[in-house]
Every structure is written in structure tokens, then in C-alpha cells.
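This is data-v1.cif (mmCIF, C-alpha atoms and all ligand atoms).
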data_upload
#
loop_
_atom_site.label_atom_id
_atom_site.label_comp_id
_atom_site.auth_asym_id
_atom_site.auth_seq_id
_atom_site.Cartn_x
_atom_site.Cartn_y
_atom_site.Cartn_z
CA MET A 23 48.13 9.95 66.46
CA SER A 24 45.03 9.44 64.37
CA LYS A 25 44.10 12.51 62.34
CA HIS A 26 40.75 11.36 61.07
CA ASN A 27 37.71 13.33 62.08
CA PRO A 28 35.06 11.07 63.59
CA PRO A 29 31.51 12.41 63.67
CA GLY A 30 31.03 14.29 66.93
CA PRO A 31 28.09 13.49 69.20
CA PHE A 32 24.83 14.88 67.79
CA HIS A 33 24.22 18.33 69.22
CA PRO A 34 20.58 19.24 69.98
CA ALA A 35 21.07 22.68 68.36
CA SER A 36 21.69 20.87 65.05
CA ALA A 37 18.11 19.54 64.99
CA MET A 38 17.02 22.65 63.06
CA ASP A 39 19.50 21.71 60.30
CA PHE A 40 17.41 18.65 59.49
CA LEU A 41 13.88 20.13 59.36
CA PRO A 42 11.87 18.75 56.45
CA PRO A 43 11.84 21.40 53.67
CA GLY A 44 8.08 22.09 54.00
CA GLN A 45 8.42 22.75 57.70
CA LEU A 46 11.51 24.87 57.11
CA ARG A 47 9.57 27.09 54.66
CA GLU A 48 6.84 27.55 57.29
CA VAL A 49 9.35 28.60 59.93
CA GLN A 50 10.98 30.97 57.46
CA PHE A 51 7.70 32.61 56.49
CA THR A 52 6.49 33.04 60.06
CA ARG A 53 9.81 34.60 61.08
CA LEU A 54 9.97 36.76 57.94
CA LYS A 55 6.56 38.30 58.66
CA GLY A 56 7.54 39.15 62.23
CA MET A 57 10.90 40.60 61.17
CA VAL A 58 9.45 42.75 58.36
CA GLN A 59 6.74 44.08 60.67
CA ARG A 60 9.39 45.03 63.22
CA ALA A 61 11.62 46.68 60.60
CA TYR A 62 8.65 48.58 59.14
CA ASP A 63 7.43 49.79 62.53
CA ARG A 64 10.81 50.80 63.89
CA VAL A 65 13.24 51.71 61.10
CA ALA A 66 12.48 54.82 59.05
CA LEU A 67 14.52 53.70 56.04
CA PHE A 68 12.62 50.41 55.63
CA ARG A 69 9.24 52.09 56.13
CA GLN A 70 10.10 54.76 53.57
CA ARG A 71 11.44 52.26 50.98
CA MET A 72 8.38 50.03 51.34
CA GLY A 73 6.12 53.09 51.17
CA GLU A 74 7.70 54.08 47.84
CA ARG A 75 6.51 50.73 46.51
CA ASN A 76 3.09 50.98 48.15
CA LEU A 77 3.90 48.02 50.34
CA THR A 78 2.99 47.27 53.93
CA PRO A 79 3.92 44.14 55.90
CA ALA A 80 0.39 42.84 55.18
CA ASP A 81 1.38 42.41 51.52
CA LEU A 82 3.62 39.50 52.47
CA LYS A 83 1.31 36.56 51.75
CA SER A 84 3.99 33.92 51.16
CA LEU A 85 7.78 33.58 50.98
CA ASP A 86 7.56 34.35 47.26
CA ASP A 87 6.48 37.89 48.10
CA LEU A 88 9.95 38.60 49.50
CA VAL A 89 11.02 39.65 45.95
CA LYS A 90 8.70 42.66 46.22
CA LEU A 91 10.78 44.13 49.04
CA PRO A 92 13.56 46.61 48.29
CA PHE A 93 17.25 45.70 48.58
CA THR A 94 19.52 47.09 51.26
CA VAL A 95 23.11 47.95 50.31
CA LYS A 96 26.31 48.72 52.17
CA MET A 97 25.89 52.43 51.43
CA ASP A 98 22.62 52.40 53.40
CA LEU A 99 24.57 51.25 56.46
CA ARG A 100 27.20 53.95 55.91
CA ASP A 101 24.52 56.62 55.53
CA ALA A 102 22.84 55.45 58.73
CA TYR A 103 26.08 55.78 60.73
CA PRO A 104 26.11 55.17 63.61
CA PHE A 105 22.66 54.11 64.91
CA GLY A 106 20.21 54.93 62.09
CA LEU A 107 19.12 51.36 61.29
CA PHE A 108 18.56 50.14 64.83
CA ALA A 109 15.18 48.60 65.58
CA SER A 110 15.82 48.42 69.32
CA PRO A 111 16.33 51.25 71.81
CA LEU A 112 19.90 51.64 73.08
CA GLN A 113 18.87 50.30 76.52
CA GLU A 114 18.28 46.92 74.87
CA ILE A 115 21.57 46.87 72.96
CA VAL A 116 24.20 44.76 74.71
CA ARG A 117 26.94 44.73 72.04
CA PHE A 118 28.32 46.74 69.15
CA HIS A 119 30.62 45.61 66.39
CA ALA A 120 31.95 47.61 63.48
CA SER A 121 33.57 46.79 60.20
CA SER A 122 36.76 48.57 59.25
CA GLY A 123 35.79 51.06 56.61
CA THR A 124 38.38 51.25 53.86
CA THR A 125 37.08 54.74 53.17
CA GLY A 126 35.45 57.03 55.68
CA LYS A 127 33.21 55.88 58.50
CA PRO A 128 32.90 52.24 59.52
CA ILE A 129 29.66 50.28 59.48
CA VAL A 130 28.19 49.81 62.95
CA VAL A 131 26.11 46.77 63.87
CA ALA A 132 24.29 46.06 67.14
CA TYR A 133 22.88 43.14 69.08
CA THR A 134 20.34 42.63 71.82
CA GLN A 135 20.94 39.84 74.34
CA GLU A 136 18.66 37.59 72.29
CA ASP A 137 20.68 38.42 69.16
CA VAL A 138 23.92 37.50 70.91
CA ASP A 139 22.35 34.22 72.08
CA ASP A 140 21.05 33.44 68.57
CA TRP A 141 24.47 34.16 67.14
CA ALA A 142 26.13 31.81 69.64
CA ARG A 143 23.56 29.15 68.67
CA ALA A 144 24.40 29.61 64.97
CA MET A 145 28.08 29.17 65.85
CA VAL A 146 27.31 26.05 67.91
CA ARG A 147 25.54 24.62 64.84
CA SER A 148 28.55 25.62 62.76
CA PHE A 149 31.04 23.82 64.97
CA ALA A 150 28.78 20.79 65.37
CA ALA A 151 28.30 20.55 61.59
CA CYS A 152 32.00 19.85 61.05
CA GLY A 153 32.32 17.48 64.01
CA VAL A 154 33.73 19.89 66.61
CA HIS A 155 32.40 19.00 70.07
CA SER A 156 32.58 19.79 73.79
CA GLY A 157 35.75 17.73 74.20
CA ASP A 158 37.72 19.90 71.79
CA ILE A 159 40.38 22.46 72.62
CA ILE A 160 39.81 25.39 70.28
CA GLN A 161 42.51 27.94 69.50
CA ASN A 162 40.65 31.03 68.37
CA ALA A 163 43.08 33.08 66.27
CA TYR A 164 40.47 35.38 64.78
CA GLY A 165 40.96 38.98 65.87
CA TYR A 166 39.08 40.04 69.02
CA GLY A 167 37.56 43.50 69.04
CA LEU A 168 35.21 45.41 66.80
CA PHE A 169 35.67 42.72 64.12
CA THR A 170 32.98 40.05 64.59
CA GLY A 171 35.30 37.06 63.97
CA GLY A 172 36.94 36.74 67.39
CA LEU A 173 33.99 37.17 69.75
CA GLY A 174 31.62 35.37 67.35
CA ALA A 175 33.70 32.20 67.36
CA HIS A 176 34.48 32.61 71.06
CA TYR A 177 30.89 32.70 72.34
CA GLY A 178 29.93 29.83 70.02
CA ALA A 179 32.81 27.66 71.20
CA GLU A 180 31.96 28.33 74.85
CA ALA A 181 28.26 27.62 74.28
CA LEU A 182 29.31 24.34 72.68
CA GLY A 183 31.15 23.50 75.89
CA ALA A 184 34.58 23.30 74.26
CA SER A 185 37.73 24.72 75.87
CA VAL A 186 38.55 28.01 74.18
CA ILE A 187 41.95 29.66 73.95
CA PRO A 188 41.22 33.35 73.15
CA ILE A 189 44.66 33.97 71.64
CA SER A 190 43.38 36.39 68.96
CA GLY A 191 45.43 37.10 65.83
CA GLY A 192 49.16 37.64 65.43
CA ASN A 193 52.33 36.57 67.26
CA THR A 194 52.84 33.48 65.12
CA ASP A 195 55.57 31.84 67.18
CA ARG A 196 53.39 32.00 70.29
CA GLN A 197 50.47 30.56 68.30
CA ILE A 198 52.63 27.57 67.38
CA MET A 199 53.85 27.09 70.94
CA VAL A 200 50.27 27.09 72.26
CA LEU A 201 49.09 24.81 69.45
CA LYS A 202 51.70 22.31 70.54
CA ASP A 203 51.75 22.67 74.32
CA PHE A 204 47.96 22.89 74.89
CA GLY A 205 47.17 19.90 72.69
CA VAL A 206 44.90 22.04 70.51
CA THR A 207 42.51 19.99 68.36
CA VAL A 208 40.73 22.77 66.40
CA ILE A 209 41.97 26.13 65.12
CA CYS A 210 39.91 29.10 63.91
CA CYS A 211 41.57 31.74 61.70
CA THR A 212 41.74 33.00 58.14
CA PRO A 213 42.99 30.40 55.64
CA SER A 214 45.85 32.65 54.53
CA TYR A 215 47.01 33.01 58.13
CA PHE A 216 46.97 29.24 58.58
CA LEU A 217 49.19 28.86 55.51
CA HIS A 218 51.56 31.27 57.21
CA LEU A 219 51.41 29.15 60.40
CA ILE A 220 52.25 26.02 58.41
CA GLU A 221 55.26 27.75 56.92
CA ARG A 222 56.53 29.11 60.24
CA ALA A 223 55.95 25.78 62.01
CA GLY A 224 58.18 24.18 59.36
CA GLU A 225 60.94 26.70 60.09
CA LEU A 226 60.66 26.03 63.82
CA GLY A 227 60.89 22.30 63.24
CA VAL A 228 57.31 21.67 64.44
CA ASN A 229 55.54 18.97 62.45
CA LEU A 230 51.84 19.84 62.51
CA LYS A 231 51.01 16.32 61.37
CA GLU A 232 52.29 14.96 64.67
CA LEU A 233 50.09 17.26 66.78
CA PRO A 234 46.52 16.44 67.94
CA LEU A 235 45.25 19.30 65.72
CA ARG A 236 42.65 17.77 63.39
CA ALA A 237 40.37 20.53 62.05
CA GLY A 238 40.44 24.17 61.00
CA VAL A 239 37.46 26.51 60.79
CA PHE A 240 38.58 28.96 58.13
CA GLY A 241 36.80 32.06 56.90
CA ALA A 242 36.63 35.87 56.71
CA GLU A 243 38.13 35.87 53.20
CA PRO A 244 37.41 34.01 49.97
CA TRP A 245 39.68 31.02 49.35
CA THR A 246 40.00 28.34 46.74
CA GLU A 247 39.63 24.58 46.63
CA SER A 248 43.35 24.29 45.75
CA MET A 249 44.18 26.20 48.91
CA ARG A 250 42.11 23.69 50.90
CA GLN A 251 43.96 20.78 49.29
CA ARG A 252 47.28 22.38 50.07
CA ILE A 253 46.39 23.10 53.71
CA GLN A 254 45.15 19.54 54.22
CA ALA A 255 48.17 17.94 52.54
CA GLU A 256 50.73 20.01 54.43
CA SER A 257 49.17 19.96 57.90
CA GLY A 258 47.19 16.72 57.95
CA ILE A 259 44.07 18.50 59.24
CA ARG A 260 40.62 18.86 57.68
CA ALA A 261 39.93 22.42 56.50
CA TYR A 262 36.33 23.68 56.71
CA ASP A 263 34.88 26.79 55.16
CA ILE A 264 32.78 29.09 57.36
CA TYR A 265 30.88 32.04 55.95
CA GLY A 266 29.50 35.17 57.52
CA LEU A 267 29.49 38.95 57.47
CA SER A 268 29.00 41.61 60.14
CA GLU A 269 26.03 43.20 58.40
CA ILE A 270 24.07 39.96 58.83
CA VAL A 271 25.49 38.74 62.16
CA GLY A 272 29.21 37.86 61.83
CA PRO A 273 30.60 34.33 61.36
CA GLY A 274 28.04 31.52 61.48
CA VAL A 275 25.71 32.48 58.62
CA ALA A 276 26.77 29.27 56.86
CA MET A 277 29.17 26.44 57.62
CA GLU A 278 30.46 23.32 55.94
CA CYS A 279 29.60 19.88 57.25
CA GLN A 280 32.07 17.01 57.29
CA HIS A 281 31.41 16.33 53.61
CA GLN A 282 33.07 19.65 52.73
CA SER A 283 30.62 20.31 49.95
CA GLY A 284 30.14 24.06 50.56
CA PRO A 285 28.77 25.92 53.59
CA HIS A 286 25.17 25.05 54.56
CA ILE A 287 23.22 28.26 55.19
CA PHE A 288 21.31 28.31 58.48
CA GLU A 289 18.24 29.11 56.47
CA ASP A 290 15.82 29.29 59.37
CA MET A 291 17.83 32.35 60.51
CA PHE A 292 19.21 33.80 57.28
CA TYR A 293 17.16 33.62 54.08
CA PRO A 294 19.30 33.44 50.92
CA GLU A 295 18.58 34.59 47.38
CA ILE A 296 20.81 34.81 44.32
CA ILE A 297 20.26 37.78 42.02
CA ASP A 298 21.65 39.04 38.77
CA PRO A 299 23.89 41.86 40.07
CA GLN A 300 23.05 44.05 37.07
CA THR A 301 19.26 43.69 36.91
CA GLY A 302 18.44 42.66 40.48
CA GLN A 303 16.33 39.79 39.16
CA VAL A 304 16.19 36.65 41.33
CA LEU A 305 17.92 33.64 39.76
CA PRO A 306 17.11 29.96 40.29
CA ASP A 307 19.20 27.62 42.47
CA GLY A 308 22.39 26.64 40.68
CA ALA A 309 22.75 29.91 38.76
CA GLU A 310 25.69 32.15 39.57
CA GLY A 311 24.98 35.64 40.84
CA GLU A 312 25.15 37.89 43.88
CA LEU A 313 24.18 36.47 47.25
CA VAL A 314 21.41 38.42 48.99
CA LEU A 315 20.56 37.68 52.63
CA THR A 316 17.57 38.54 54.79
CA THR A 317 17.82 38.12 58.55
CA LEU A 318 14.82 36.26 59.98
CA CYS A 319 15.57 36.60 63.71
CA LYS A 320 17.69 39.73 64.24
CA ARG A 321 16.08 42.21 66.61
CA ALA A 322 18.50 45.11 67.08
CA MET A 323 19.34 45.40 63.42
CA PRO A 324 17.14 43.48 61.01
CA MET A 325 18.37 43.37 57.43
CA ILE A 326 16.03 43.07 54.48
CA ARG A 327 17.49 41.67 51.24
CA TYR A 328 21.04 42.75 51.97
CA ARG A 329 23.31 42.66 48.91
CA THR A 330 26.51 40.94 50.08
CA ARG A 331 28.52 41.62 46.86
CA ASP A 332 29.67 37.98 47.06
CA ILE A 333 29.33 36.13 43.77
CA THR A 334 28.28 32.50 44.20
CA SER A 335 25.42 30.09 43.57
CA LEU A 336 23.11 28.02 45.78
CA ALA A 337 23.26 24.22 45.73
CA ALA A 338 19.89 22.69 46.57
CA ASP A 339 20.76 19.02 45.98
CA ARG A 340 20.76 16.85 49.10
CA CYS A 341 24.11 16.73 50.85
CA ALA A 342 25.26 13.33 52.10
CA CYS A 343 24.93 14.62 55.69
CA GLY A 344 21.13 14.80 55.30
CA ARG A 345 20.78 18.50 56.16
CA SER A 346 17.87 20.18 54.42
CA LEU A 347 19.79 23.47 54.27
CA ARG A 348 20.96 24.75 50.89
CA ARG A 349 24.67 25.33 50.41
CA ILE A 350 26.72 28.24 49.11
CA CYS A 351 29.11 27.20 46.40
CA ARG A 352 32.63 28.56 46.68
CA ILE A 353 32.59 32.33 46.59
CA SER A 354 34.36 32.89 43.33
CA ARG A 355 34.81 36.59 43.87
CA ARG A 356 33.37 39.71 45.40
CA SER A 357 31.80 42.09 43.01
CA ASP A 358 33.40 45.05 44.80
CA ASP A 359 36.89 43.46 44.63
CA MET A 360 36.79 43.91 40.92
CA LEU A 361 39.62 45.90 39.38
CA ILE A 362 39.27 47.51 36.00
CA ILE A 363 42.59 47.41 34.17
CA ARG A 364 42.83 48.87 30.69
CA GLY A 365 39.06 48.50 30.51
CA VAL A 366 39.15 44.79 31.40
CA ASN A 367 37.48 43.44 34.55
CA LEU A 368 39.90 41.57 36.78
CA TYR A 369 39.22 39.67 40.00
CA PRO A 370 42.18 38.79 42.27
CA SER A 371 40.86 35.22 42.45
CA GLN A 372 41.52 34.87 38.72
CA ILE A 373 45.20 35.63 39.31
CA GLU A 374 45.27 33.05 42.10
CA ALA A 375 43.73 30.43 39.84
CA ALA A 376 46.32 31.22 37.14
CA LEU A 377 49.22 30.90 39.58
CA LEU A 378 47.96 27.67 41.06
CA ARG A 379 47.68 26.18 37.61
CA VAL A 380 51.44 26.39 37.19
CA GLU A 381 53.39 24.00 39.35
CA GLY A 382 56.19 25.11 41.66
CA THR A 383 54.64 28.33 42.88
CA LEU A 384 53.32 29.11 46.32
CA PRO A 385 50.06 31.00 46.54
CA HIS A 386 51.85 33.92 48.21
CA TYR A 387 51.50 36.70 45.70
CA GLN A 388 50.78 40.39 45.33
CA ILE A 389 49.06 42.28 42.60
CA ILE A 390 50.38 45.76 41.94
CA VAL A 391 48.39 48.05 39.74
CA ASP A 392 49.83 51.38 38.69
CA ARG A 393 49.51 53.95 35.95
CA GLN A 394 52.39 55.11 33.77
CA LYS A 395 51.92 57.78 31.13
CA GLY A 396 48.18 57.33 31.39
CA LEU A 397 48.32 53.55 30.89
CA ASP A 398 47.42 50.98 33.53
CA THR A 399 50.18 48.56 34.43
CA LEU A 400 49.71 45.19 36.07
CA GLU A 401 52.51 43.49 37.94
CA VAL A 402 52.18 40.20 39.78
CA GLN A 403 54.88 39.40 42.33
CA VAL A 404 55.12 35.71 43.06
CA GLU A 405 57.17 34.10 45.77
CA VAL A 406 58.90 30.94 44.65
CA THR A 407 60.29 28.00 46.59
CA PRO A 408 63.97 28.03 47.60
CA GLU A 409 64.62 25.22 45.09
CA VAL A 410 63.24 27.24 42.20
CA PHE A 411 65.10 30.32 43.32
CA SER A 412 68.44 28.54 43.28
CA ASP A 413 67.74 27.21 39.78
CA THR A 414 69.40 28.52 36.64
CA VAL A 415 68.41 31.86 35.15
CA GLY A 416 66.98 30.01 32.17
CA ALA A 417 64.67 27.93 34.40
CA MET A 418 63.50 31.05 36.21
CA GLU A 419 62.73 32.80 32.94
CA GLN A 420 60.83 29.77 31.78
CA LEU A 421 58.69 29.77 34.91
CA GLN A 422 58.07 33.49 34.54
CA ALA A 423 56.88 32.99 30.98
CA LYS A 424 54.62 30.11 32.01
CA LEU A 425 53.00 32.18 34.75
CA SER A 426 52.55 35.15 32.50
CA HIS A 427 50.96 32.95 29.86
CA SER A 428 48.64 31.34 32.43
CA ILE A 429 47.50 34.77 33.67
CA GLU A 430 46.91 36.00 30.16
CA SER A 431 44.89 32.95 29.21
CA ILE A 432 42.60 33.32 32.24
CA THR A 433 42.26 37.11 32.45
CA GLY A 434 42.99 38.29 28.93
CA LEU A 435 45.48 40.76 30.39
CA HIS A 436 49.23 40.93 30.04
CA ALA A 437 50.93 41.00 33.42
CA ASP A 438 54.59 41.54 34.26
CA VAL A 439 55.42 38.61 36.46
CA ARG A 440 58.23 39.11 38.93
CA LEU A 441 59.58 36.14 40.86
CA VAL A 442 60.68 37.12 44.33
CA MET A 443 62.73 35.36 47.00
CA PRO A 444 61.01 33.05 49.45
CA ARG A 445 59.39 34.90 52.36
CA THR A 446 59.85 38.42 51.02
CA LEU A 447 56.17 39.29 50.61
CA GLN A 448 54.40 40.53 53.70
CA ARG A 449 52.38 37.91 55.59
CA SER A 450 48.92 38.75 56.81
CA GLU A 451 47.73 38.14 60.32
CA GLY A 452 44.13 38.71 59.38
CA LYS A 453 42.68 39.13 55.94
CA ALA A 454 45.36 38.91 53.27
CA LYS A 455 46.07 42.13 51.42
CA ARG A 456 46.81 40.95 47.92
CA VAL A 457 46.05 44.00 45.88
CA HIS A 458 47.95 47.26 45.88
CA ASP A 459 46.24 49.71 43.59
CA ARG A 460 48.49 52.74 43.38
CA ARG A 461 46.54 54.51 40.69
CA GLN A 462 44.61 56.79 43.05
CA MET A 463 47.68 58.00 44.91
ZN ZN B 501 26.23 18.51 54.48
#
Take the structure in the file and write it out as C-alpha cells.
Ligand SMILES: [Zn+2]
Amino acid sequence: MSKHNPPGPFHPASAMDFLPPGQLREVQFTRLKGMVQRAYDRVALFRQRMGERNLTPADLKSLDDLVKLPFTVKMDLRDAYPFGLFASPLQEIVRFHASSGTTGKPIVVAYTQEDVDDWARAMVRSFAACGVHSGDIIQNAYGYGLFTGGLGAHYGAEALGASVIPISGGNTDRQIMVLKDFGVTVICCTPSYFLHLIERAGELGVNLKELPLRAGVFGAEPWTESMRQRIQAESGIRAYDIYGLSEIVGPGVAMECQHQSGPHIFEDMFYPEIIDPQTGQVLPDGAEGELVLTTLCKRAMPMIRYRTRDITSLAADRCACGRSLRRICRISRRSDDMLIIRGVNLYPSQIEAALLRVEGTLPHYQIIVDRQKGLDTLEVQVEVTPEVFSDTVGAMEQLQAKLSHSIESITGLHADVRLVMPRTLQRSEGKAKRVHDRRQM
């Protein structure tokens, strides 16, 4: 069975991806003016924040004036719980979603029928960008429910005309059975869950490379280029990165094309900026900083300059696919994932990079932070392959030392590395939980 990914038929919804840049800027500005007017007229918080800066919607004379507008942050959504930021009356709301709050109340988001339709269109463009088409059988293993992943991908896949299997997350053995028996060609899930599927398929004697499965739409958590390489090598599929967040719409804010050069942002719907997270100053394309997004079409819950906490940069060079949309470079980290250990900033992605640098380790790992006698401790548990585990004690110690050295050279922190037996660390069925910070308990 051929596993290559031929370009799908051109989907009419993709036409917006190829607008000439001048025309795109015009569309963006027209939509921005309408959205800001709506937010100002209908949402007290936006009117108050703009008032504090002596701004009215009439002060928006060009796209460049966007920088004058205040930022919106996650705390604003928490404070507005549940309906405080809605710009539409409840009679016009057809759908709610909510993000799981790690502390306290969740964040509630809402959609009018037009919002739901726009979202499906963004997902159609996402699928079409990576060559998924109406002939595909899509296994949607994102969680269905308040989380936007499941229903977001579902409505997009249906609007595309593909055949959708709404299997949701979990029950790995059943996922593998369906993958095989239904002749699934495309899977949607988190990249860490797909790694788990690969592993379990191996145990069940199912060779993914022999199945019709050819593409994966992976998102909802940051992942690395090495993880992509590993997924592609072990399953024979092409792994594409999709980006989104509930506060803006859900999945479908940005999606990779078949050139896999970073997700193209659907800029006519979501306007991106990169800022210095400390000063709030806007940075030029190519510079690394925090991604800020402004919704240009959302009706029920417009978002002005929302700080995503994702650290990345924007690539403006022309992609080989010809899309005029800028791309998000790999999200290197989230600014709110940052741990402070003995006064040093640590991002979990740095640990991942350090582990991947050393051969013979799987990227299944856990970071355990604790405090003993007032001092922070950092332990990294790493699962090793059965071959390594049956090696001599000397070889194991050598690997441990190598990993510890690699972590120290990347993070500047000493970590106790503990090698654990294959398949002892808990597998995630949604977003991977890599960090266990026990210091607060
Ligand atoms: Zn492209």
C-alpha cells in the first residue's frame, strides 16, 4: 500500500489562503474595524479598557493602529466567568465550550451559529491544507465534550465531506481495532497519544505501516520536530501540526500544509502579533516572543490582542505551497509552563530536548519537582527500551550519567535521573502530564 500523500483536490474554502498580501491586509482591516466596534459597543471590559486610553473605534485608521489597543489576558476570562465577555445575547448563542481550569473556575467560551460555521470553515481549510479530502476516513480521537478539540475537528471533517469516526479519546485497543477494520486514512489526536498508539499497536502485532493510514493531524500540546520524525519513522504516516486554543476558537487557528514548515495562520480570521512578554512591545517577523491573537470574525466572544502565553516566532517567507499566510514556528514553550527551580527558569521542553539528544531513550518521561529541607529537588524519570534495561549495571549507569550531563548542559540545573522499566510511566489519553510539582502540597 502506498503511503505517500498526494495533493488532495483543491478545496474552494482554501482560496482565502492564497489572497495576495495587499488584499489580505484590506480584508483584515475591514474585519478588524467591525469587530472592535462590536466589542466596544457590547462588552463593558473592552469599552472600559479603551476608555482608559482615550480610544474609540474611530481611532483605528489602519492595521498599524492595532498596537494602541489593550491586551486581553487569561485572567480577564476568569474574572468574567461565566458570561461577562459575551457580545451576543444568550438567545443567539448556540454552543458553549470551557477549558479545564487547573485552579478554580474554568474559562467559558461561546459561539453563535455563524461562529460555529466559521470555525468549521477554518477546520476545512486546515484539513485541505495538509491534503485531507472528502474521500478520507477520519478517526477523531480528540476528546468530545467541553474541550474544543473533539467537536472542532468533527464539524470540520463533516463540512469537508469526509467520513468521520467520532471515537473520542481513550480505549486504546479499540482505537487500534477501528483504525485497522475501518480502513482509516487520517487520525486526529494529541501527538503524545499517537506515540502511545504506536507502542500498543506494536504489542498487539499490528503493523501501522501496512494500514491505509497516511496522515495525522496532531495538536493540543506543544511537540518537537524530533517527535515528528519519530512518529513518521515508526508509523509510516505524515504528521502535521495543528494549532488552536479555546479562547480564540479551538483547533483551526493555524495548520501546516504538506510542506510541514510550521502552521499557516488563517490570518483573515485571526490576526497574529509577536510581543516581548516582559515589555509588551511588538516584535518584527522572525523574532521570538509571545504570540498574541485578535479574532477578526468572532461574534459571540470577540478577543482583542489575546496573550496566548505561547512562545514562538512568525515566519513571513513564502512557503513552497504558495499560501500568503504567515506561519508559526514551532512553539518552543509556554510562558506559563515555566518552572522556577533553585531560582533557575526551566521549561519542560528543555528536558525533552536534552533526553532526545541522547540515543536509546524514549521520549516518555516525567519531571518531579519537590522540596527537601527548603531546597528544590529535580528528578527526571526516563523510561528506557527493554534492550537497555537488560543491559549491565555499568551500561545503565553510563546512560544515566549521559542524560544527566545533557540536562545540565541545556538547563544549567542538576537533575537526578532515574531510569525506569519500559511502560511504567502513566500514558496520557489527552494532553500529556509531564510535570509533577509537589512543592505546593
Ligand atoms: Zn505552506
Straight-line distance linking atom CA of His218 of chain A with atom CA of Thr407 of chain A, stated in Å to one decimal
14.1 Å
For Thr52 of chain A, please output as a PyMOL selection string all residues within 10 Å (counting all atoms listed in the file; exclusion window: fewer than 4 positions along the same chain).
chain A and resi 47-48+56-57+84-85+318
Given a cut-off of 6 Å, what residues near ligand ZN 501 (chain B) show up using all atoms listed in the file, put as a VMD selection string?
chain A and resid 279 281 341 to 343 345
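If you count only C-alpha atoms and ignore residues fewer than 4 places along the chain from Ala276 of chain A, what sits within 7 Å of it is Ile264, Tyr265, Gly266, Pro285, His286, Ile287 and Phe288 of chain A.
Here atom CA of Leu400 of chain A stands at a distance of 7.4 Å from atom CA of His436 of chain A.
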Polymer residues at most 10 Å from Glu114 of chain A, all atoms listed in the file, same-chain spacing of 2 or more positions, as a list of chain:residue names:
A:Ala109, A:Ser110, A:Pro111, A:Leu112, A:Val116, A:Arg117, A:Ala132, A:Tyr133, A:Thr134, A:Gln135, A:Glu136, A:Arg321, A:Ala322
Determine, counting all atoms listed in the file, which protein, DNA and RNA residues have an atom within 9 Å of an atom of Val186 of chain A; residues of the same chain fewer than 5 positions away are not included. Present the result as JSON, numbers by chain.
{"A": [158, 159, 160, 161, 162, 176, 179, 180]}
Choose the residue, out of A:Tyr387, A:Phe105, A:Phe118, A:Phe411, that has the smallest atom-to-atom separation from Ser268 of chain A; count all atoms listed in the file.
A:Phe118
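Atom CA of Leu368 of chain A is found 18.5 Å from atom CA of Asp298 of chain A.
Considering all atoms listed in the file, the residue among A:Val415, A:Met291, A:Leu99, A:Ala223 positioned nearest to Arg329 of chain A is A:Leu99.
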Contacts of Ile333 of chain A within 7 Å, all atoms listed in the file, excl. fewer than 2 positions in-chain, as a PyMOL selection string:
chain A and resi 310-313+331+353-357
